[in-house]
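S.K.: As input, take entry-v5.cif (mmCIF, C-alpha atoms):
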```
data_structure
#
loop_
_atom_site.group_PDB
_atom_site.id
_atom_site.type_symbol
_atom_site.label_atom_id
_atom_site.label_comp_id
_atom_site.auth_asym_id
_atom_site.auth_seq_id
_atom_site.Cartn_x
_atom_site.Cartn_y
_atom_site.Cartn_z
ATOM 1 C CA ASP T 30 107.807 88.547 81.757
ATOM 2 C CA GLY T 31 105.385 91.365 82.545
ATOM 3 C CA PHE T 32 102.010 92.095 81.050
ATOM 4 C CA PRO T 33 101.436 90.545 77.591
ATOM 5 C CA LYS T 34 101.457 92.846 74.589
ATOM 6 C CA ALA T 35 98.178 91.711 73.065
ATOM 7 C CA LYS T 36 95.024 93.467 71.942
ATOM 8 C CA LYS T 37 92.906 91.769 74.658
ATOM 9 C CA ASN T 38 94.286 90.275 77.845
ATOM 10 C CA ILE T 39 93.141 87.689 80.329
ATOM 11 C CA ILE T 40 94.638 87.687 83.810
ATOM 12 C CA MET T 41 94.768 84.836 86.305
ATOM 13 C CA TRP T 42 96.431 85.221 89.709
ATOM 14 C CA SER T 43 96.516 82.824 92.602
ATOM 15 C CA ARG T 44 98.574 80.698 94.913
ATOM 16 C CA PHE T 45 99.750 77.807 92.738
ATOM 17 C CA SER T 46 98.282 74.841 94.603
ATOM 18 C CA TYR T 47 96.197 71.931 93.376
ATOM 19 C CA GLU T 48 93.032 72.906 95.242
ATOM 20 C CA LYS T 49 92.915 76.180 93.284
ATOM 21 C CA LYS T 50 92.014 74.251 90.071
ATOM 22 C CA ILE T 51 94.544 76.267 88.050
ATOM 23 C CA PRO T 52 95.596 73.656 85.432
ATOM 24 C CA PHE T 53 91.999 73.196 84.224
ATOM 25 C CA ALA T 54 91.414 76.942 83.886
ATOM 26 C CA LEU T 55 94.852 77.492 82.333
ATOM 27 C CA LYS T 56 94.181 74.870 79.667
ATOM 28 C CA GLY T 57 90.866 76.580 78.850
ATOM 29 C CA ALA T 58 92.621 79.935 78.515
ATOM 30 C CA ILE T 59 95.240 78.396 76.250
ATOM 31 C CA GLN T 60 92.464 77.002 74.040
ATOM 32 C CA ALA T 61 90.996 80.526 73.832
ATOM 33 C CA LEU T 62 94.399 81.916 72.802
ATOM 34 C CA GLU T 63 94.652 79.201 70.131
ATOM 35 C CA LYS T 64 91.272 80.268 68.719
ATOM 36 C CA ASP T 65 91.851 84.049 68.908
ATOM 37 C CA SER T 66 95.253 85.413 67.923
ATOM 38 C CA GLU T 67 94.484 88.801 69.521
ATOM 39 C CA LEU T 68 94.411 87.347 73.045
ATOM 40 C CA GLY T 69 97.156 87.391 75.641
ATOM 41 C CA LEU T 70 97.313 85.779 79.062
ATOM 42 C CA CYS T 71 99.060 86.940 82.212
ATOM 43 C CA VAL T 72 99.470 84.260 84.897
ATOM 44 C CA ILE T 73 100.634 85.485 88.293
ATOM 45 C CA GLY T 74 101.416 83.418 91.352
ATOM 46 C CA TYR T 75 103.731 81.116 93.173
ATOM 47 C CA GLY T 76 103.547 77.868 95.099
ATOM 48 C CA GLU T 77 104.209 74.163 94.878
ATOM 49 C CA MET T 78 102.680 73.867 91.383
ATOM 50 C CA TYR T 79 104.837 76.571 89.783
ATOM 51 C CA ASP T 80 106.893 74.067 87.761
ATOM 52 C CA ASP T 81 103.727 72.271 86.589
ATOM 53 C CA ILE T 82 102.148 75.559 85.492
ATOM 54 C CA LYS T 83 105.365 76.581 83.722
ATOM 55 C CA SER T 84 105.485 73.211 81.949
ATOM 56 C CA ILE T 85 101.908 73.579 80.660
ATOM 57 C CA ILE T 86 102.744 77.045 79.326
ATOM 58 C CA ASP T 87 106.121 76.053 77.848
ATOM 59 C CA THR T 88 104.618 73.183 75.842
ATOM 60 C CA THR T 89 101.900 75.225 74.129
ATOM 61 C CA THR T 90 102.163 76.821 70.708
ATOM 62 C CA VAL T 91 100.864 80.147 72.111
ATOM 63 C CA ARG T 92 103.498 80.550 74.854
ATOM 64 C CA ASP T 93 104.736 83.762 73.210
ATOM 65 C CA ARG T 94 101.417 85.408 74.224
ATOM 66 C CA ILE T 95 101.531 84.156 77.817
ATOM 67 C CA SER T 96 103.392 85.914 80.601
ATOM 68 C CA LEU T 97 104.201 83.852 83.667
ATOM 69 C CA CYS T 98 105.001 86.141 86.542
ATOM 70 C CA GLY T 99 105.882 84.608 89.868
ATOM 71 C CA PHE T 100 105.294 86.610 92.989
ATOM 72 C CA THR T 101 104.211 90.115 91.991
ATOM 73 C CA PRO T 102 104.005 93.070 94.391
ATOM 74 C CA SER T 103 100.443 94.194 95.051
ATOM 75 C CA PHE T 104 100.833 97.591 93.351
ATOM 76 C CA ARG T 105 101.903 95.884 90.114
ATOM 77 C CA LEU T 106 99.271 93.154 90.443
ATOM 78 C CA LEU T 107 96.515 95.733 90.844
ATOM 79 C CA SER T 108 97.799 97.577 87.779
ATOM 80 C CA TYR T 109 97.767 94.341 85.750
ATOM 81 C CA ILE T 110 94.225 93.534 86.922
ATOM 82 C CA TYR T 111 93.075 97.045 86.094
ATOM 83 C CA HIS T 112 94.484 96.850 82.551
ATOM 84 C CA ALA T 113 93.229 93.317 81.828
ATOM 85 C CA ASP T 114 90.040 92.752 79.866
ATOM 86 C CA LEU T 115 88.980 89.669 81.822
ATOM 87 C CA ALA T 116 89.776 87.947 85.116
ATOM 88 C CA LEU T 117 90.027 84.155 85.066
ATOM 89 C CA ILE T 118 89.516 82.920 88.615
ATOM 90 C CA PRO T 119 89.047 79.156 88.797
ATOM 91 C CA LEU T 120 88.516 79.088 92.572
ATOM 92 C CA GLY T 121 87.853 82.436 94.191
ATOM 93 C CA GLY T 122 89.040 83.960 97.372
ATOM 94 C CA PHE T 123 90.878 87.242 97.561
ATOM 95 C CA SER T 124 91.371 87.049 93.787
ATOM 96 C CA MET T 125 87.642 87.166 93.211
ATOM 97 C CA LEU T 126 87.211 90.042 95.650
ATOM 98 C CA GLU T 127 90.015 92.007 93.973
ATOM 99 C CA ALA T 128 88.449 91.444 90.550
ATOM 100 C CA CYS T 129 85.047 92.599 91.847
ATOM 101 C CA LEU T 130 86.597 95.644 93.479
ATOM 102 C CA LEU T 131 88.149 96.614 90.129
ATOM 103 C CA LYS T 132 84.950 95.836 88.158
ATOM 104 C CA LYS T 133 86.541 93.117 86.030
ATOM 105 C CA PRO T 134 84.373 90.603 84.192
ATOM 106 C CA ILE T 135 85.034 87.217 85.789
ATOM 107 C CA VAL T 136 85.152 83.699 84.369
ATOM 108 C CA CYS T 137 85.171 81.115 87.159
ATOM 109 C CA PHE T 138 84.209 77.535 87.842
ATOM 110 C CA ASP T 139 80.663 76.864 88.991
ATOM 111 C CA ILE T 140 81.690 76.166 92.571
ATOM 112 C CA GLU T 141 78.866 76.408 95.106
ATOM 113 C CA TRP T 142 80.123 79.341 97.150
ATOM 114 C CA HIS T 143 80.883 81.475 94.065
ATOM 115 C CA HIS T 144 77.111 81.972 93.923
ATOM 116 C CA GLU T 145 77.296 83.987 97.147
ATOM 117 C CA LEU T 146 79.005 86.763 95.202
ATOM 118 C CA LEU T 147 78.273 86.186 91.495
ATOM 119 C CA THR T 148 75.322 85.108 89.386
ATOM 120 C CA ASP T 149 76.012 83.265 86.144
ATOM 121 C CA GLY T 150 74.785 85.233 83.163
ATOM 122 C CA TYR T 151 74.246 88.361 85.276
ATOM 123 C CA SER T 152 77.457 89.284 87.089
ATOM 124 C CA GLY T 153 79.817 86.542 85.979
ATOM 125 C CA TYR T 154 80.559 83.729 83.553
ATOM 126 C CA PHE T 155 80.471 80.237 85.105
ATOM 127 C CA ALA T 156 82.095 77.142 83.619
ATOM 128 C CA ASP T 157 81.454 73.616 84.848
ATOM 129 C CA TYR T 158 84.361 72.185 86.820
ATOM 130 C CA PRO T 159 86.755 70.804 85.476
ATOM 131 C CA ASP T 160 85.635 71.567 81.909
ATOM 132 C CA SER T 161 88.519 73.372 80.177
ATOM 133 C CA HIS T 162 86.530 73.581 76.942
ATOM 134 C CA MET T 163 83.740 75.433 78.718
ATOM 135 C CA VAL T 164 86.309 77.822 80.254
ATOM 136 C CA CYS T 165 87.450 78.568 76.706
ATOM 137 C CA GLU T 166 83.858 79.157 75.561
ATOM 138 C CA LYS T 167 83.137 81.507 78.475
ATOM 139 C CA ILE T 168 86.324 83.493 77.854
ATOM 140 C CA LEU T 169 85.471 83.901 74.173
ATOM 141 C CA GLU T 170 81.850 84.783 75.032
ATOM 142 C CA ALA T 171 82.935 87.502 77.452
ATOM 143 C CA LEU T 172 85.556 88.992 75.157
ATOM 144 C CA SER T 173 83.273 88.923 72.106
ATOM 145 C CA ASP T 174 80.852 91.343 73.806
ATOM 146 C CA PRO T 175 82.879 93.920 75.765
ATOM 147 C CA TYR T 176 79.769 95.961 76.587
ATOM 148 C CA GLU T 177 78.020 93.011 78.261
ATOM 149 C CA ALA T 178 81.258 91.981 79.996
ATOM 150 C CA LYS T 179 81.642 95.505 81.397
ATOM 151 C CA ILE T 180 78.066 95.449 82.710
ATOM 152 C CA ARG T 181 78.688 92.101 84.422
ATOM 153 C CA GLY T 182 81.875 93.453 85.994
ATOM 154 C CA GLU T 183 79.959 96.455 87.317
ATOM 155 C CA ARG T 184 77.216 94.205 88.710
ATOM 156 C CA ALA T 185 79.840 92.085 90.480
ATOM 157 C CA HIS T 186 81.276 95.287 91.951
ATOM 158 C CA GLN T 187 77.826 96.363 93.192
ATOM 159 C CA ARG T 188 77.287 93.002 94.890
ATOM 160 C CA PHE T 189 80.759 93.204 96.445
ATOM 161 C CA ARG T 190 79.973 96.651 97.871
ATOM 162 C CA LEU T 191 76.687 95.399 99.291
ATOM 163 C CA LEU T 192 78.210 92.311 100.931
ATOM 164 C CA PHE T 193 81.306 94.071 102.260
ATOM 165 C CA ASN T 194 79.716 97.296 103.469
ATOM 166 C CA LYS T 195 81.485 98.370 106.692
ATOM 167 C CA GLU T 196 78.332 99.666 108.320
ATOM 168 C CA ASN T 197 76.330 96.506 107.593
ATOM 169 C CA ILE T 198 79.141 94.302 108.902
ATOM 170 C CA SER T 199 79.513 96.413 112.043
ATOM 171 C CA ASN T 200 75.762 96.342 112.732
ATOM 172 C CA ARG T 201 75.687 92.575 112.272
ATOM 173 C CA GLU T 202 78.599 92.115 114.691
ATOM 174 C CA LYS T 203 76.858 94.295 117.294
ATOM 175 C CA GLU T 204 73.714 92.216 116.903
ATOM 176 C CA ILE T 205 75.695 89.006 117.474
ATOM 177 C CA PHE T 206 77.455 90.438 120.548
ATOM 178 C CA GLN T 207 74.110 91.555 122.003
ATOM 179 C CA ARG T 208 72.808 87.975 121.763
ATOM 180 C CA PHE T 209 75.764 86.750 123.842
ATOM 181 C CA LEU T 210 75.238 89.465 126.459
ATOM 182 C CA VAL T 211 71.613 88.405 126.934
ATOM 183 C CA CYS T 212 72.573 84.795 127.712
#
```
Could you render the structure as structure tokens?
M.R.:
Amino acid sequence: DGFPKAKKNIIMWSRFSYEKKIPFALKGAIQALEKDSELGLCVIGYGEMYDDIKSIIDTTTVRDRISLCGFTPSFRLLSYIYHADLALIPLGGFSMLEACLLKKPIVCFDIEWHHELLTDGYSGYFADYPDSHMVCEKILEALSDPYEAKIRGERAHQRFRLLFNKENISNREKEIFQRFLVC
């Protein structure tokens, strides 16, 4: 329990439901841990797939380097994200936004709407869905070049700030309201 005691750590947090694609990403992360003994993995979440996720972890030979945390308070989650070397986010949502906010390099599946926030090879690392082997490759690629991974995390943060700028959002809402008033 808690954050893994490894030289480099991957973090994955989400609601544990099938549509989040977690088993495919988890298996890719496990493959990365099998190839690199310095890696640890922290998996945080809860939901109807908790027992399935726990079973995948319990049956691997690298389970001693994987922490499975259920529900985790936000202050602890943010601390874990901050201290992780890489965020593994199979299907983004708030997880992807939190990773961008904290400038974490992100490995995710190449799902259409992920392109609204990230660009493969520029601000993120995309793996084909449901290719666990490619998830492993992208994790190892990111962690083998920490300088490049840091740059991609910073680029993701810049894009996040541009898309979620309060002033831009407010101006856009005013523009929309004005259109309705004209009608």
S.K.: Would you kindly return, as number ranges by chain, each protein, DNA or RNA residue with an atom no farther than 7 Å from any atom of Lys37 (chain T), considering only C-alpha atoms and excluding same-chain residues fewer than 4 positions away?
M.R.: T: 67-69, 114
S.K.: In file coordinates, which residues lie within 10 Å of (96.0, 82.4, 75.3) using all atoms listed in the file, given as a ChimeraX atom specification?
M.R.: /T:35,37-39,55-71,86,89-96,165
S.K.: So which residues are close to (86.1, 96.1, 89.0), meaning at most 8 Å away in the file's coordinates with all atoms listed in the file counted, and can you show them as a PyMOL selection string?
M.R.: chain T and resi 111+127-134+182-183+185-186
S.K.: Would you save the residues from that selection as a compact mmCIF listing (two decimals), keeping the file's coordinate frame, using C-alpha atoms?
M.R.:
```
# COMPACT_ATOMS: atom_id res chain seq x y z
CA TYR T 111 93.08 97.04 86.09
CA GLU T 127 90.02 92.01 93.97
CA ALA T 128 88.45 91.44 90.55
CA CYS T 129 85.05 92.60 91.85
CA LEU T 130 86.60 95.64 93.48
CA LEU T 131 88.15 96.61 90.13
CA LYS T 132 84.95 95.84 88.16
CA LYS T 133 86.54 93.12 86.03
CA PRO T 134 84.37 90.60 84.19
CA GLY T 182 81.88 93.45 85.99
CA GLU T 183 79.96 96.46 87.32
CA ALA T 185 79.84 92.08 90.48
CA HIS T 186 81.28 95.29 91.95
```
S.K.: Calculate how many Å separate CA of Leu106 (chain T) from CA of Ile118 (chain T), rounding to one decimal.
M.R.: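 Those two atoms sit 14.3 Å apart.
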S.K.: Given all atoms listed in the file as the basis, pick out the residue of T:Glu48, T:Gly150, T:Asp174, T:Leu210 nearest to Gly121 (chain T).
M.R.: T:Glu48
S.K.: Please enumerate the residues selected by the PyMOL selection byres ((chain T and resi 189) around 9) when evaluated against the supplied file, formatted as a list in words.
M.R.: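 Checking the PyMOL selection byres ((chain T and resi 189) around 9) against this file, the residues are Leu126, Cys129, Leu130, Leu146, Leu147, Arg184, Ala185, His186, Gln187, Arg188, Arg190, Leu191, Leu192, Phe193 and Asn194 of chain T.
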S.K.: So how far away is CA of Leu97 (chain T) from CA of Lys83 (chain T), in Å?
M.R.: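 CA of Leu97 (chain T) lies at a distance of 7.4 Å from CA of Lys83 (chain T).
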S.K.: If I take CA of Cys98 (chain T) and CA of Tyr75 (chain T), how far is one from the other in Å, to one decimal?
M.R.: 8.4 Å
S.K.: Find the residues around Tyr79 (chain T) up to 10 Å (all atoms listed in the file counted), leave out those fewer than 2 positions away in its own chain, and share them as a list in words.
M.R.: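 So, after excluding close chain neighbours, the residues are Arg44, Phe45, Ser46, Ile73, Gly74, Tyr75, Gly76, Glu77, Asp81, Ile82, Lys83, Ser84, Leu97 and Gly99 of chain T.
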S.K.: Looking at T:Leu120, T:Ser108, T:Ile180, T:Gly31, which one is nearest to Tyr47 (chain T), with distances taken over all atoms listed in the file?
M.R.: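 Nearest to Tyr47 (chain T): T:Leu120.
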S.K.: Apply the PyMOL selection byres ((chain T and resi 170) around 12) to the structure shown and report the selected residues as a VMD selection string.
M.R.: chain T and resid 61 65 115 134 to 136 150 153 to 156 163 to 169 171 to 178
S.K.: Between T:Pro52, T:Ser124, T:Phe206, T:Ile85, which one has atoms that come closest to Asp160 (chain T), using all atoms listed in the file?
M.R.: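 Nearest to Asp160 (chain T): T:Pro52.
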S.K.: To verify the selection step, state as a ChimeraX atom specification which residues the PyMOL selection byres ((chain T and resi 138) around 6) yields on this input.
M.R.: /T:119,137,139-140,155-158
S.K.: Calculate, to one decimal in Å, the centre and edge lengths of the box along x, y and z of the file that holds all listed atoms of region 114-129 of chain T with 6 Å of margin on each side, and present them as JSON.
M.R.:
```
{"center_x": 88.2, "center_y": 85.9, "center_z": 88.7, "size_x": 18.3, "size_y": 25.7, "size_z": 29.7}
```
